[in-house]
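Pasted below: start.txt, compact mmCIF, C-alpha atoms and all ligand atoms.
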# COMPACT_ATOMS: atom_id res chain seq x y z
CA MET Q 268 0.00 0.00 0.00
CA LYS Q 269 1.00 3.58 -0.55
CA VAL Q 270 0.35 6.33 1.98
CA HIS Q 271 0.52 9.84 0.57
CA ILE Q 272 0.81 12.58 3.20
CA LEU Q 273 -1.32 15.38 1.77
CA GLY Q 274 -1.22 17.61 4.85
CA SER Q 275 0.96 17.17 7.91
CA GLY Q 276 -0.07 20.25 9.92
CA ALA Q 277 -2.74 20.60 12.61
CA GLY Q 278 -5.75 22.93 12.39
CA GLY Q 279 -4.55 26.29 11.01
CA GLY Q 280 -1.59 24.74 9.18
CA PHE Q 281 1.91 26.20 9.32
CA PRO Q 282 2.34 29.11 9.19
CA GLN Q 283 -1.17 29.95 10.40
CA TRP Q 284 -2.68 32.99 8.63
CA ASN Q 285 -2.99 35.20 11.74
CA CYS Q 286 -0.15 33.81 13.84
CA TYR Q 287 3.12 35.54 14.69
CA CYS Q 288 4.42 33.02 17.20
CA HIS Q 289 8.13 32.16 17.24
CA ASN Q 290 7.64 29.54 14.50
CA CYS Q 291 5.13 31.27 12.20
CA ASP Q 292 6.87 34.66 12.37
CA GLY Q 293 10.34 33.12 12.10
CA PHE Q 294 9.28 31.08 9.08
CA ARG Q 295 7.86 34.10 7.22
CA LYS Q 296 11.04 36.07 7.91
CA GLY Q 297 13.20 33.23 6.64
CA LYS Q 298 14.82 32.82 10.06
CA LEU Q 299 13.60 29.28 10.72
CA HIS Q 300 14.85 26.10 9.07
CA ALA Q 301 11.37 24.60 8.58
CA LYS Q 302 8.85 23.54 5.96
CA ALA Q 303 5.34 24.92 5.49
CA ARG Q 304 2.56 22.43 6.20
CA THR Q 305 -1.06 22.26 5.09
CA GLN Q 306 -3.82 20.84 7.27
CA SER Q 307 -4.17 17.20 8.25
CA SER Q 308 -5.06 14.66 5.56
CA ILE Q 309 -3.61 11.50 4.03
CA ALA Q 310 -4.50 9.34 1.02
CA ILE Q 311 -4.18 5.56 0.80
CA SER Q 312 -3.85 3.41 -2.30
CA ASP Q 313 -2.97 -0.12 -3.31
CA LYS Q 314 0.44 -0.94 -4.75
CA VAL Q 315 -0.51 0.29 -8.22
CA GLY Q 316 -1.68 3.64 -6.92
CA THR Q 317 -4.54 4.43 -9.33
CA ASN Q 318 -7.44 4.36 -6.84
CA TRP Q 319 -7.18 6.39 -3.68
CA ILE Q 320 -9.18 6.85 -0.53
CA LEU Q 321 -8.80 10.06 1.43
CA ILE Q 322 -8.55 9.84 5.16
CA ASN Q 323 -9.83 13.21 6.30
CA ALA Q 324 -10.58 16.03 3.91
CA SER Q 325 -8.66 19.19 4.70
CA PRO Q 326 -9.71 22.74 3.80
CA ASP Q 327 -6.38 22.81 1.92
CA ILE Q 328 -7.37 19.91 -0.35
CA ARG Q 329 -7.23 21.93 -3.55
CA ALA Q 330 -3.58 22.87 -3.03
CA GLN Q 331 -2.81 19.37 -1.77
CA LEU Q 332 -4.17 17.73 -4.92
CA LEU Q 333 -2.32 20.21 -7.15
CA ASN Q 334 0.88 18.93 -5.55
CA ALA Q 335 -0.04 15.24 -5.77
CA GLN Q 336 0.42 14.08 -9.36
CA ALA Q 337 -0.52 10.52 -8.40
CA LEU Q 338 -4.01 11.72 -7.50
CA GLN Q 339 -4.59 13.45 -10.85
CA PRO Q 340 -5.57 10.59 -13.19
CA ALA Q 341 -6.72 12.73 -16.21
CA ARG Q 342 -8.48 9.83 -17.95
CA LYS Q 343 -11.33 12.04 -19.17
CA VAL Q 344 -12.33 15.69 -19.11
CA ARG Q 345 -13.64 15.50 -15.52
CA ASP Q 346 -11.90 12.86 -13.43
CA SER Q 347 -10.94 12.01 -9.89
CA ALA Q 348 -8.78 9.35 -8.30
CA ILE Q 349 -10.64 9.70 -5.00
CA ASP Q 350 -12.98 6.75 -4.50
CA GLY Q 351 -14.19 7.82 -1.08
CA VAL Q 352 -13.37 9.60 2.14
CA ILE Q 353 -12.92 8.16 5.64
CA LEU Q 354 -13.22 10.59 8.55
CA VAL Q 355 -11.62 10.02 11.95
CA ASP Q 356 -13.59 12.83 13.61
CA SER Q 357 -15.76 15.81 12.66
CA GLN Q 358 -13.18 18.56 13.25
CA ILE Q 359 -12.97 21.49 10.84
CA ASP Q 360 -9.44 20.62 9.70
CA HIS Q 361 -10.52 17.05 8.84
CA THR Q 362 -13.89 17.66 7.17
CA THR Q 363 -14.15 21.06 5.48
CA GLY Q 364 -12.42 19.74 2.35
CA LEU Q 365 -15.57 17.73 1.63
CA LEU Q 366 -17.15 20.97 0.43
CA MET Q 367 -14.29 21.40 -2.04
CA LEU Q 368 -15.14 18.01 -3.60
CA ARG Q 369 -18.66 19.15 -4.52
CA GLU Q 370 -17.92 19.31 -8.26
CA GLY Q 371 -17.32 15.55 -8.34
CA ASN Q 372 -19.55 12.49 -8.39
CA LYS Q 373 -21.58 11.27 -5.42
CA LEU Q 374 -19.03 10.79 -2.67
CA PRO Q 375 -18.81 7.59 -0.63
CA LEU Q 376 -18.30 8.76 2.95
CA TYR Q 377 -17.14 6.43 5.70
CA CYS Q 378 -17.58 7.69 9.26
CA THR Q 379 -19.06 6.76 12.61
CA GLN Q 380 -22.69 7.46 13.52
CA SER Q 381 -21.49 10.12 15.93
CA VAL Q 382 -19.45 11.97 13.26
CA TYR Q 383 -22.40 11.64 10.85
CA GLU Q 384 -24.62 13.30 13.46
CA ASP Q 385 -22.20 16.21 13.89
CA LEU Q 386 -21.99 16.71 10.14
CA THR Q 387 -25.77 16.76 9.75
CA THR Q 388 -26.49 19.02 12.78
CA GLY Q 389 -23.87 21.30 14.39
CA PHE Q 390 -21.72 21.45 11.22
CA PRO Q 391 -24.18 20.31 8.53
CA ILE Q 392 -21.86 19.93 5.56
CA ILE Q 393 -23.44 16.61 4.59
CA ASN Q 394 -26.80 18.41 4.25
CA ILE Q 395 -25.16 21.13 2.16
CA LEU Q 396 -23.47 18.58 -0.12
CA ALA Q 397 -26.88 17.03 -0.81
CA SER Q 398 -27.49 20.05 -3.08
CA TYR Q 399 -24.24 19.34 -4.98
CA CYS Q 400 -22.59 15.94 -5.43
CA GLY Q 401 -24.34 14.23 -2.52
CA THR Q 402 -22.75 11.66 -0.25
CA GLU Q 403 -23.26 7.94 0.27
CA PHE Q 404 -22.95 7.22 3.99
CA HIS Q 405 -21.21 4.05 5.16
CA GLU Q 406 -21.25 3.66 8.91
CA ILE Q 407 -17.95 2.77 10.58
CA LYS Q 408 -18.31 0.56 13.64
CA MET Q 409 -15.59 -0.23 16.12
CA GLY Q 410 -13.24 -3.17 16.33
CA ALA Q 411 -11.83 -6.05 14.29
CA SER Q 412 -15.22 -7.74 13.99
CA ASN Q 413 -16.39 -4.68 12.01
CA ALA Q 414 -13.34 -4.43 9.72
CA PHE Q 415 -14.26 -2.96 6.34
CA ASN Q 416 -12.96 -2.62 2.80
CA ILE Q 417 -13.48 0.06 0.16
CA PRO Q 418 -14.66 -1.62 -3.08
CA SER Q 419 -11.88 -0.21 -5.30
CA LEU Q 420 -9.17 -1.16 -2.77
CA PRO Q 421 -10.17 -4.75 -1.99
CA HIS Q 422 -6.76 -5.69 -0.58
CA ILE Q 423 -6.78 -3.02 2.09
CA ARG Q 424 -8.68 -3.63 5.31
CA PHE Q 425 -9.61 -0.90 7.77
CA ILE Q 426 -10.31 -1.41 11.47
CA ALA Q 427 -11.59 1.47 13.61
CA ILE Q 428 -10.52 1.78 17.23
CA ALA Q 429 -12.43 4.11 19.55
CA LEU Q 430 -10.33 6.85 21.13
CA GLU Q 431 -10.98 9.04 24.11
CA GLY Q 432 -11.19 12.70 23.25
CA LYS Q 433 -13.67 15.48 22.79
CA ALA Q 434 -16.05 16.13 19.95
CA PRO Q 435 -15.66 19.63 18.40
CA PRO Q 436 -17.34 22.70 19.96
CA TYR Q 437 -20.30 22.54 17.51
CA SER Q 438 -21.03 18.87 18.21
CA PRO Q 439 -24.22 17.88 20.03
CA HIS Q 440 -21.99 15.42 21.95
CA ARG Q 441 -19.48 18.03 23.08
CA GLN Q 442 -20.53 17.70 26.73
CA SER Q 443 -21.41 13.99 26.57
CA PRO Q 444 -18.62 12.06 24.85
CA THR Q 445 -19.89 9.31 22.58
CA VAL Q 446 -18.04 6.24 21.26
CA GLY Q 447 -17.02 7.14 17.72
CA ASP Q 448 -16.40 10.87 18.28
CA ASN Q 449 -12.71 10.12 17.65
CA ILE Q 450 -11.20 7.01 16.12
CA ALA Q 451 -7.82 5.60 15.15
CA LEU Q 452 -7.45 3.35 12.11
CA PHE Q 453 -5.49 0.12 11.80
CA ILE Q 454 -4.96 -0.33 8.07
CA HIS Q 455 -3.71 -3.66 6.74
CA CYS Q 456 -2.57 -4.42 3.19
CA GLU Q 457 -3.01 -8.02 2.07
CA HIS Q 458 -0.52 -7.62 -0.80
CA SER Q 459 2.40 -6.76 1.46
CA ASN Q 460 1.02 -8.06 4.77
CA LYS Q 461 2.08 -4.71 6.25
CA SER Q 462 0.01 -2.39 8.36
CA LEU Q 463 -0.29 1.23 9.37
CA PHE Q 464 -1.71 2.59 12.62
CA TYR Q 465 -3.03 6.10 12.00
CA ALA Q 466 -4.13 8.36 14.84
CA PRO Q 467 -3.70 12.11 14.18
CA GLY Q 468 -5.60 12.92 17.39
CA LEU Q 469 -4.55 10.68 20.27
CA ALA Q 470 -5.12 11.84 23.83
CA LYS Q 471 -3.80 8.78 25.63
CA ILE Q 472 -1.97 5.51 24.97
CA ASP Q 473 -3.47 2.83 27.20
CA GLU Q 474 -3.78 -0.95 27.36
CA VAL Q 475 -6.37 -0.92 24.55
CA ILE Q 476 -4.39 1.26 22.13
CA PHE Q 477 -0.87 -0.02 22.76
CA PRO Q 478 -1.44 -3.59 21.43
CA TRP Q 479 -2.68 -2.12 18.12
CA MET Q 480 0.48 -0.05 17.93
CA GLN Q 481 2.56 -3.16 18.65
CA GLN Q 482 0.93 -4.99 15.72
CA ALA Q 483 1.56 -2.25 13.15
CA ASP Q 484 4.65 -1.89 10.95
CA CYS Q 485 4.34 1.87 10.74
CA LEU Q 486 2.87 4.36 13.20
CA LEU Q 487 1.52 7.70 12.04
CA LEU Q 488 0.66 9.47 15.25
CA ASP Q 489 -0.51 12.69 16.84
CA GLY Q 490 2.37 15.17 16.80
CA THR Q 491 0.33 18.24 17.75
CA PHE Q 492 2.13 19.51 20.85
CA TRP Q 493 5.55 19.15 22.41
CA GLN Q 494 4.65 20.48 25.85
CA GLU Q 495 1.64 21.18 28.05
CA ASP Q 496 1.94 24.98 28.19
CA GLU Q 497 2.90 25.42 24.54
CA MET Q 498 0.06 27.85 23.81
CA LYS Q 499 0.91 29.84 26.94
CA VAL Q 500 4.66 30.15 26.35
CA ASN Q 501 3.83 31.49 22.89
CA ASP Q 502 1.43 34.07 24.45
CA ILE Q 503 -1.48 32.62 22.44
CA ALA Q 504 -3.85 31.18 25.04
CA ASP Q 505 -3.88 29.75 28.51
CA LYS Q 506 -5.18 26.47 27.09
CA PRO Q 507 -3.31 23.40 28.34
CA ALA Q 508 -2.51 20.95 25.53
CA ALA Q 509 -4.10 18.03 27.36
CA SER Q 510 -7.48 19.79 27.38
CA MET Q 511 -7.40 19.67 23.57
CA GLY Q 512 -7.18 15.87 23.39
CA HIS Q 513 -3.59 15.57 22.23
CA LEU Q 514 -0.83 13.56 23.91
CA LEU Q 515 2.37 15.56 24.40
CA GLN Q 516 5.67 14.39 22.97
CA SER Q 517 7.73 15.38 26.02
CA GLY Q 518 7.45 14.25 29.64
CA ALA Q 519 7.46 10.98 31.54
CA ASN Q 520 4.15 9.83 30.05
CA GLY Q 521 4.72 11.50 26.68
CA MET Q 522 4.74 10.10 23.16
CA ILE Q 523 8.53 9.71 22.98
CA ASN Q 524 8.60 7.48 26.04
CA HIS Q 525 5.76 5.34 24.69
CA LEU Q 526 7.49 4.98 21.33
CA ASN Q 527 10.77 4.01 22.98
CA LYS Q 528 9.01 0.77 23.91
CA LEU Q 529 8.47 0.00 20.22
CA PRO Q 530 11.99 -0.07 18.75
CA ASP Q 531 11.45 -2.00 15.49
CA LYS Q 532 8.95 0.20 13.70
CA ARG Q 533 8.78 3.21 11.50
CA LYS Q 534 7.47 6.00 13.77
CA ILE Q 535 6.22 9.24 12.25
CA LEU Q 536 4.47 12.22 13.83
CA ILE Q 537 1.73 14.03 11.93
CA HIS Q 538 -0.84 16.82 12.67
CA ILE Q 539 1.92 19.13 13.93
CA ASN Q 540 0.67 22.38 15.46
CA ASN Q 541 2.34 25.59 14.31
CA THR Q 542 3.58 26.30 17.85
CA ASN Q 543 5.49 23.01 18.13
CA PRO Q 544 9.29 23.46 18.37
CA ILE Q 545 9.85 20.24 16.37
CA LEU Q 546 8.92 22.22 13.23
CA ASP Q 547 12.29 23.97 13.59
CA GLU Q 548 14.64 21.42 12.06
CA ASP Q 549 17.55 22.85 14.06
CA SER Q 550 15.80 22.73 17.44
CA ALA Q 551 16.91 20.64 20.42
CA GLN Q 552 13.44 19.06 20.47
CA ARG Q 553 13.72 17.94 16.85
CA LYS Q 554 17.13 16.48 17.65
CA GLU Q 555 15.63 14.58 20.55
CA LEU Q 556 13.05 13.05 18.21
CA SER Q 557 15.71 12.03 15.69
CA GLN Q 558 17.74 10.39 18.41
CA ALA Q 559 14.64 8.41 19.40
CA GLY Q 560 14.20 7.30 15.76
CA ILE Q 561 11.03 9.33 15.30
CA GLU Q 562 10.35 11.13 12.01
CA VAL Q 563 8.20 14.20 11.40
CA ALA Q 564 5.76 13.94 8.48
CA GLU Q 565 5.99 16.48 5.66
CA ASP Q 566 3.48 17.39 2.98
CA GLY Q 567 4.12 15.28 -0.12
CA MET Q 568 5.83 12.45 1.77
CA VAL Q 569 4.99 8.98 0.43
CA ILE Q 570 5.23 5.87 2.59
CA SER Q 571 5.29 2.47 0.91
CA LEU Q 572 4.13 -0.42 3.05
C1 LIG Q 601 -7.46 19.75 16.80
O1 LIG Q 601 -7.25 18.64 16.34
O2 LIG Q 601 -7.40 19.99 18.02
C2 LIG Q 601 -7.81 20.79 15.78
O3 LIG Q 601 -6.73 20.92 14.91
C3 LIG Q 601 -8.32 22.06 16.33
C4 LIG Q 601 -8.86 22.91 15.21
O4 LIG Q 601 -8.86 22.54 14.04
O5 LIG Q 601 -9.31 24.01 15.53
MN MN Q 602 -7.03 18.80 14.16
ZN ZN Q 603 2.12 30.12 15.02
What does this structure look like when you write it as structure tokens?
Amino acid sequence: MKVHILGSGAGGGFPQWNCYCHNCDGFRKGKLHAKARTQSSIAISDKVGTNWILINASPDIRAQLLNAQALQPARKVRDSAIDGVILVDSQIDHTTGLLMLREGNKLPLYCTQSVYEDLTTGFPIINILASYCGTEFHEIKMGASNAFNIPSLPHIRFIAIALEGKAPPYSPHRQSPTVGDNIALFIHCEHSNKSLFYAPGLAKIDEVIFPWMQQADCLLLDGTFWQEDEMKVNDIADKPAASMGHLLQSGANGMINHLNKLPDKRKILIHINNTNPILDEDSAQRKELSQAGIEVAEDGMVISL
């Protein structure tokens, strides 16, 4: 299977349009050794790479597709390589790109009941799309017993794993978390017998999540924040990182320490927030990641599994 990283940034991307934090300002002034990043989305294909499924649809999808030749099939005057979209939550950065796909054919949409509810109530983009291309809803249910395939990628199997974490502010379940608000995906390719564990929003690694990570050959994980007071030290907000449903990289119970227990895998962070010091390729934090064998995803990166 091929995994194309369309967008490796968190909500807002990097640099964020209205942000003058150390990273965003430094990048614009050419003072930072860093790469720009669009908002969180990946695409998955089989080994041939002609049919793709999007996992999350970013508001930056137009620019992302312009930069992804493999997803531009050009077989007829109007054409798309996207055979469907899987959503891991109903956040703005993961769903708004659906609106940008309105010129296409009816869109197969794979998401949980809870995400479907959000996108037909608090953020009703599915209702809006009904006046354009329309969507074909396929409900995602949790666990290996509900593994599913996408018809054009029959050799790739998807398993959804429920994650703790909040639904977005506009969700009817914001104050009453529901199973399916946030999921991780375990994606297995029968051709290669290799698998990917994808969780761009991961609040906690516990005894349910860790065994899935152990089984995967490649981990593509939440790289949002380095430290708890990252928004505060950048004078942006007094919002602790943990309250936003993202596991920190640093600290005794942080991502790096968890990943140190999994030495024989490819480990890549994705959904990097613009405040995160790991965006600076010369930073001590980025060096610490490299020493731990952890990569940082970039837009346009392709992973073959
Ligand atoms: C998140 O995952 O926390 C989001 O990136 C927040 C947002 O898009 O506003
Ligand atoms: Mn996000
Ligand atoms: Zn910034």
Selection near Asn449 in chain Q, 12 Å with all atoms listed in the file, sequence-local residues under 4 positions removed, as a count of residues only: 37
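The two atoms in question, CA of Glu495 in chain Q and CA of Ala508 in chain Q, are spaced 4.9 Å apart.
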Residue among Q:Leu368, Q:Gly279, Q:Gln494, Q:Gly447 lying closest to Ala519 in chain Q, counting all atoms listed in the file: Q:Gln494
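Restricting the calculation to only C-alpha atoms, the smallest distance between Leu526 in chain Q and any of Q:Asp496, Q:Leu486, Q:Asp547, Q:Ala509 is found for Q:Leu486.
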Surrounding residues of range 548-561 of chain Q excluding itself and chain neighbours under 6 positions, 8 Å, only C-alpha atoms, as a list in words: His300, Ala301, Ile523, Asn527, Arg533, Lys534, Ile535 and Leu536 of chain Q
6 Å from ligand LIG 601 (chain Q) is the threshold here; counting only C-alpha atoms and all ligand atoms, which polymer residues fall inside it? Answer as an mmCIF file with C-alpha atoms, in the frame of the given file.
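Result file selection_14.cif:
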data_model
loop_
_atom_site.group_PDB
_atom_site.id
_atom_site.type_symbol
_atom_site.label_atom_id
_atom_site.label_comp_id
_atom_site.auth_asym_id
_atom_site.auth_seq_id
_atom_site.Cartn_x
_atom_site.Cartn_y
_atom_site.Cartn_z
ATOM 1 C CA ALA Q 277 -2.740 20.600 12.610
ATOM 2 C CA GLY Q 278 -5.750 22.930 12.390
ATOM 3 C CA GLN Q 358 -13.180 18.560 13.250
ATOM 4 C CA ILE Q 359 -12.970 21.490 10.840
ATOM 5 C CA ASP Q 360 -9.440 20.620 9.700
ATOM 6 C CA MET Q 511 -7.400 19.670 23.570
#
